[in-house]
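Undergrad: Here it is: the structure, laid out below.
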Amino acid sequence: MLIDTHSHLNFEPFENDLDEVIGRCVGEDIWAINAGSQYETSKKAVEIAEKNKTMFAGVGLHPIHARDDFNVEDFRNLAKSKKVVAIGEIGLDRYKDYGQFINRQKEIFVQQLDLAKELNSPVIIHCRMAHQEMIEILAGYKLPGVIHCFTGTQEEAKKYLDMGFYLGINGIMYKFDLKKVIGKTPLERILIETDSPYLTPLPALSLAKEGRNEPIFVKYIGQEIAKIKNISFEEVAIATTQNAKNLFKI
């Protein structure tokens, strides 16, 4: 089996064939954690998880939506579900115009970190072009979690690993050269993910419906990691599955 530790089957691109997509996951023994980005998508992630044994949920407000109304109580209530395994995805994003409201992002991010600490929950962290600020904030917490879609430097990777975080690896590896980071990161600290419907792995493009990524394509991420580390795909599958179970308690 494999666990896609970051997907978005709770997003609009899957609303017309969600059952079929989940069926393909079941057929290939792939579990998935669907991360929320706003209240409604977090709620949808919980609904999907509660209806499907192999689906789980993260709940949180994504930094690009930090200008939205935010009520931490809404997410606290969603997190009462036994199928919620993380607070996320949450974090900081300075890409393009998002940096204009970075202070608001930080304010909401800290509130969600506090919620995770209160609930003894791991966090799913989104960080784009803000790693130094992220590292400074996380240093004040002792929370387990994953740096989703990692694109930072080797030095930044080491700082996250030293704090106990896992690195989430997905199809972004085909846009950024992450071979050195992946090669130097212990397999016991790597999680595999798709970020479906985004970041379709290159080997899956001919199979993807209109280019849409799906959790079943997480195997290609595992295969690429195996090549980089010069180990078997089975080793990657076993280790990353156990990593996910350890972090998210599933």
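Going by the structure tokens order, chains are called A, B, ..., each with residues numbered from 1, while ligands are numbered from 1 in the order shown.
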Report as a JSON list (two decimals) with C-alpha atoms, in the first residue's frame all protein, DNA and RNA residues lying within 7 Å of range 64-78 of chain A, evaluated on only C-alpha atoms, omitting residues in the same chain fewer than 5 positions from it.

TA:
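Result file is around-v6.json:
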```
[["chain", "number", "residue", "atom", "x", "y", "z"],
["A", 43, "LYS", "CA", -15.65, 20.47, 5.83],
["A", 59, "VAL", "CA", -8.55, 21.09, 8.32],
["A", 93, "ASP", "CA", 3.09, 32.37, 1.16],
["A", 98, "TYR", "CA", 0.29, 37.25, -1.44],
["A", 104, "ARG", "CA", -2.34, 38.73, 8.37],
["A", 105, "GLN", "CA", -1.04, 35.34, 7.25],
["A", 108, "ILE", "CA", -3.83, 33.34, 11.40]]
```

Undergrad: Can you tell me which residues surround range 228-241 of chain A at a distance of at most 9 Å, considering only C-alpha atoms, apart from same-chain residues fewer than 6 positions away, and format the answer as an NGL selection string?

TA: :A and (1-4 or 179-180 or 182-184 or 187-192 or 219 or 222)

Undergrad: Can those selected residues be exported to a file as a PDB file, in the first residue's frame so that it contains N, CA and C atoms?

TA:
```
ATOM      1  N   MET A   1       0.827  -1.205   0.000  1.00  0.00           N
ATOM      2  CA  MET A   1       0.000   0.000   0.000  1.00  0.00           C
ATOM      3  C   MET A   1       0.861   1.255   0.000  1.00  0.00           C
ATOM      4  N   LEU A   2       0.242   2.366  -0.364  1.00  0.00           N
ATOM      5  CA  LEU A   2       0.887   3.675  -0.321  1.00  0.00           C
ATOM      6  C   LEU A   2      -0.076   4.658   0.316  1.00  0.00           C
ATOM      7  N   ILE A   3       0.472   5.701   0.921  1.00  0.00           N
ATOM      8  CA  ILE A   3      -0.362   6.761   1.482  1.00  0.00           C
ATOM      9  C   ILE A   3       0.021   8.088   0.837  1.00  0.00           C
ATOM     10  N   ASP A   4      -0.944   8.674   0.136  1.00  0.00           N
ATOM     11  CA  ASP A   4      -0.787  10.019  -0.423  1.00  0.00           C
ATOM     12  C   ASP A   4      -1.102  10.980   0.712  1.00  0.00           C
ATOM     13  N   LYS A 179      17.046  16.772  -6.182  1.00  0.00           N
ATOM     14  CA  LYS A 179      17.771  15.511  -6.068  1.00  0.00           C
ATOM     15  C   LYS A 179      18.711  15.498  -4.860  1.00  0.00           C
ATOM     16  N   LYS A 180      19.438  16.580  -4.640  1.00  0.00           N
ATOM     17  CA  LYS A 180      20.381  16.619  -3.524  1.00  0.00           C
ATOM     18  C   LYS A 180      19.641  16.558  -2.191  1.00  0.00           C
ATOM     19  N   ILE A 182      16.620  15.352  -1.592  1.00  0.00           N
ATOM     20  CA  ILE A 182      16.038  14.019  -1.419  1.00  0.00           C
ATOM     21  C   ILE A 182      17.123  13.001  -1.091  1.00  0.00           C
ATOM     22  N   GLY A 183      18.242  13.110  -1.770  1.00  0.00           N
ATOM     23  CA  GLY A 183      19.322  12.166  -1.534  1.00  0.00           C
ATOM     24  C   GLY A 183      19.868  12.214  -0.127  1.00  0.00           C
ATOM     25  N   LYS A 184      19.917  13.406   0.457  1.00  0.00           N
ATOM     26  CA  LYS A 184      20.499  13.579   1.781  1.00  0.00           C
ATOM     27  C   LYS A 184      19.486  13.435   2.922  1.00  0.00           C
ATOM     28  N   LEU A 187      15.344   8.410   4.580  1.00  0.00           N
ATOM     29  CA  LEU A 187      14.070   7.893   4.093  1.00  0.00           C
ATOM     30  C   LEU A 187      13.014   7.915   5.194  1.00  0.00           C
ATOM     31  N   GLU A 188      13.456   7.774   6.430  1.00  0.00           N
ATOM     32  CA  GLU A 188      12.540   7.771   7.568  1.00  0.00           C
ATOM     33  C   GLU A 188      11.924   9.137   7.834  1.00  0.00           C
ATOM     34  N   ARG A 189      12.344  10.154   7.070  1.00  0.00           N
ATOM     35  CA  ARG A 189      11.806  11.505   7.277  1.00  0.00           C
ATOM     36  C   ARG A 189      11.156  12.055   6.002  1.00  0.00           C
ATOM     37  N   ILE A 190      10.802  11.170   5.089  1.00  0.00           N
ATOM     38  CA  ILE A 190      10.166  11.582   3.836  1.00  0.00           C
ATOM     39  C   ILE A 190       8.735  11.063   3.770  1.00  0.00           C
ATOM     40  N   LEU A 191       7.833  11.920   3.315  1.00  0.00           N
ATOM     41  CA  LEU A 191       6.466  11.526   3.001  1.00  0.00           C
ATOM     42  C   LEU A 191       6.236  11.762   1.517  1.00  0.00           C
ATOM     43  N   ILE A 192       5.437  10.909   0.900  1.00  0.00           N
ATOM     44  CA  ILE A 192       5.108  11.099  -0.507  1.00  0.00           C
ATOM     45  C   ILE A 192       3.688  11.635  -0.631  1.00  0.00           C
ATOM     46  N   LYS A 219       2.469   6.749  -6.765  1.00  0.00           N
ATOM     47  CA  LYS A 219       3.490   5.705  -6.963  1.00  0.00           C
ATOM     48  C   LYS A 219       4.664   6.223  -7.786  1.00  0.00           C
ATOM     49  N   GLY A 222       7.111   7.881  -5.523  1.00  0.00           N
ATOM     50  CA  GLY A 222       7.898   6.868  -4.834  1.00  0.00           C
ATOM     51  C   GLY A 222       8.965   6.264  -5.727  1.00  0.00           C
TER      52      GLY A 222
END
```

Undergrad: Within 9 Å of range 89-91 of chain A, counting only C-alpha atoms, which residues qualify if same-chain residues fewer than 4 places away don't, as a list in words?

TA: His6, Ala35, Gly36, Ser37, Gly58, Val59, Gly60, Leu61, His62, Pro63, Gln105, Lys106, Ile108, Phe109, Val110, Gln112, Leu113, Val123, Ile124, Ile125, His126, Cys127, Arg128, Met134 and His148 of chain A

Undergrad: With N, CA and C atoms retained, could you export that selection as a short mmCIF file (atom, residue, chain, number, x, y, z; two decimals), in the first residue's frame?

TA:
```cif
data_model
loop_
_atom_site.label_atom_id
_atom_site.label_comp_id
_atom_site.auth_asym_id
_atom_site.auth_seq_id
_atom_site.Cartn_x
_atom_site.Cartn_y
_atom_site.Cartn_z
N HIS A 6 -0.99 14.14 0.94
CA HIS A 6 -1.52 15.48 0.66
C HIS A 6 -2.22 15.49 -0.69
N ALA A 35 -6.38 17.63 2.33
CA ALA A 35 -6.15 18.83 3.13
C ALA A 35 -7.13 19.92 2.76
N GLY A 36 -7.67 20.59 3.76
CA GLY A 36 -8.55 21.72 3.52
C GLY A 36 -7.75 22.99 3.30
N SER A 37 -8.36 23.93 2.59
CA SER A 37 -7.71 25.23 2.36
C SER A 37 -8.55 26.38 2.88
N GLY A 58 -7.37 16.80 6.70
CA GLY A 58 -6.71 17.88 7.41
C GLY A 58 -7.64 19.08 7.32
N VAL A 59 -7.68 19.90 8.35
CA VAL A 59 -8.55 21.09 8.32
C VAL A 59 -7.73 22.33 8.62
N GLY A 60 -7.96 23.39 7.86
CA GLY A 60 -7.21 24.61 8.09
C GLY A 60 -7.48 25.66 7.04
N LEU A 61 -6.98 26.85 7.29
CA LEU A 61 -7.09 27.97 6.34
C LEU A 61 -5.73 28.21 5.70
N HIS A 62 -5.68 28.03 4.39
CA HIS A 62 -4.46 28.20 3.60
C HIS A 62 -4.05 29.67 3.62
N PRO A 63 -2.74 29.97 3.63
CA PRO A 63 -2.31 31.37 3.71
C PRO A 63 -2.80 32.27 2.58
N GLN A 105 -1.34 36.76 7.35
CA GLN A 105 -1.04 35.34 7.25
C GLN A 105 -0.41 34.82 8.54
N LYS A 106 0.55 35.58 9.05
CA LYS A 106 1.25 35.16 10.26
C LYS A 106 0.30 35.10 11.45
N ILE A 108 -2.95 34.50 11.48
CA ILE A 108 -3.83 33.34 11.40
C ILE A 108 -3.03 32.05 11.54
N PHE A 109 -1.84 32.03 10.99
CA PHE A 109 -0.98 30.86 11.10
C PHE A 109 -0.70 30.52 12.57
N VAL A 110 -0.36 31.52 13.35
CA VAL A 110 -0.06 31.30 14.77
C VAL A 110 -1.30 30.79 15.50
N GLN A 112 -3.58 28.95 14.28
CA GLN A 112 -3.77 27.55 13.91
C GLN A 112 -2.70 26.65 14.52
N LEU A 113 -1.50 27.16 14.68
CA LEU A 113 -0.47 26.41 15.39
C LEU A 113 -0.89 26.20 16.85
N VAL A 123 0.80 19.07 12.13
CA VAL A 123 0.45 20.15 11.21
C VAL A 123 0.96 19.83 9.81
N ILE A 124 0.19 20.27 8.82
CA ILE A 124 0.59 20.20 7.43
C ILE A 124 0.95 21.61 7.00
N ILE A 125 2.22 21.86 6.75
CA ILE A 125 2.73 23.21 6.53
C ILE A 125 2.91 23.52 5.05
N HIS A 126 2.33 24.65 4.63
CA HIS A 126 2.56 25.21 3.30
C HIS A 126 3.53 26.38 3.46
N CYS A 127 4.63 26.34 2.72
CA CYS A 127 5.57 27.45 2.78
C CYS A 127 6.13 27.72 1.39
N ARG A 128 5.89 28.93 0.91
CA ARG A 128 6.39 29.32 -0.41
C ARG A 128 7.08 30.67 -0.31
N MET A 134 9.23 31.17 8.33
CA MET A 134 8.57 29.95 8.79
C MET A 134 9.40 29.26 9.86
N HIS A 148 4.95 20.41 3.57
CA HIS A 148 4.33 19.96 2.33
C HIS A 148 5.00 20.61 1.12
#
```

Undergrad: Give me the residues near range 157-169 of chain A as a PyMOL selection string, where near means some atom within 9 Å (using only C-alpha atoms) and where sequence neighbours in that chain fewer than 5 positions away do not count.

TA: chain A and resi 5-6+135+138-139+142-152+181-182+185+188-194+221-222+225+243+247

Undergrad: Skip Pro201 in chain A itself and residues of its chain fewer than 5 positions away, then list as JSON, numbers by chain all residues within 12 Å of it, counting only C-alpha atoms.

TA: {"A": [169, 170, 171, 172, 173, 174, 175, 193, 194, 195, 196, 206, 207, 208, 211, 212, 213, 214, 215, 216, 217, 218, 219, 220, 221, 222, 223, 224]}

Undergrad: Apply DSSP to the backbone of this structure and, from range 76-240 of chain A, keep only the residues in strand (DSSP E or B); write these as a VMD selection string.

TA: chain A and resid 84 to 93 123 to 128 145 to 148 166 to 169 190 to 192

Undergrad: Go ahead and write the residues just picked, C-alpha atoms, as a PDB file, in the first residue's frame.

TA:
```
ATOM      1  CA  VAL A  84      -9.244  14.486  11.099  1.00  0.00           C
ATOM      2  CA  VAL A  85      -5.562  13.666  11.446  1.00  0.00           C
ATOM      3  CA  ALA A  86      -3.933  17.098  11.090  1.00  0.00           C
ATOM      4  CA  ILE A  87      -4.364  20.844  11.123  1.00  0.00           C
ATOM      5  CA  GLY A  88      -3.576  21.959   7.601  1.00  0.00           C
ATOM      6  CA  GLU A  89      -2.789  23.041   5.213  1.00  0.00           C
ATOM      7  CA  ILE A  90      -1.592  26.171   6.960  1.00  0.00           C
ATOM      8  CA  GLY A  91       1.442  28.410   6.630  1.00  0.00           C
ATOM      9  CA  LEU A  92       2.985  31.365   4.812  1.00  0.00           C
ATOM     10  CA  ASP A  93       3.093  32.372   1.157  1.00  0.00           C
ATOM     11  CA  VAL A 123       0.446  20.146  11.209  1.00  0.00           C
ATOM     12  CA  ILE A 124       0.595  20.196   7.427  1.00  0.00           C
ATOM     13  CA  ILE A 125       2.725  23.207   6.533  1.00  0.00           C
ATOM     14  CA  HIS A 126       2.561  25.213   3.300  1.00  0.00           C
ATOM     15  CA  CYS A 127       5.566  27.450   2.783  1.00  0.00           C
ATOM     16  CA  ARG A 128       6.391  29.316  -0.408  1.00  0.00           C
ATOM     17  CA  GLY A 145       4.302  17.793  11.128  1.00  0.00           C
ATOM     18  CA  VAL A 146       5.290  17.845   7.492  1.00  0.00           C
ATOM     19  CA  ILE A 147       6.634  20.596   5.261  1.00  0.00           C
ATOM     20  CA  HIS A 148       4.331  19.960   2.328  1.00  0.00           C
ATOM     21  CA  TYR A 166       9.077  15.377   7.697  1.00  0.00           C
ATOM     22  CA  LEU A 167       9.551  16.639   4.143  1.00  0.00           C
ATOM     23  CA  GLY A 168       6.650  16.138   1.728  1.00  0.00           C
ATOM     24  CA  ILE A 169       7.831  15.259  -1.780  1.00  0.00           C
ATOM     25  CA  ILE A 190      10.166  11.582   3.836  1.00  0.00           C
ATOM     26  CA  LEU A 191       6.466  11.526   3.001  1.00  0.00           C
ATOM     27  CA  ILE A 192       5.108  11.099  -0.507  1.00  0.00           C
TER      28      ILE A 192
END
```

Undergrad: Enter the distance from CA of Phe14 in chain A to CA of Glu28 in chain A, in Å, rounded to one decimal.

TA: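 These two atoms are separated by 18.3 Å.
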
Undergrad: Considering only C-alpha atoms, can you say which of A:Glu107, A:Glu133, A:Glu118, A:Glu156 comes closest to Ala79 in chain A?

TA: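 When distances to Ala79 in chain A are compared using only C-alpha atoms, the smallest one comes from A:Glu118.
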
Undergrad: Give me, please, the distance in Å between CA of Lys83 in chain A and CA of Val46 in chain A, quoted to one decimal.

TA: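 Pair CA of Lys83 in chain A / CA of Val46 in chain A returns 6.8 Å.
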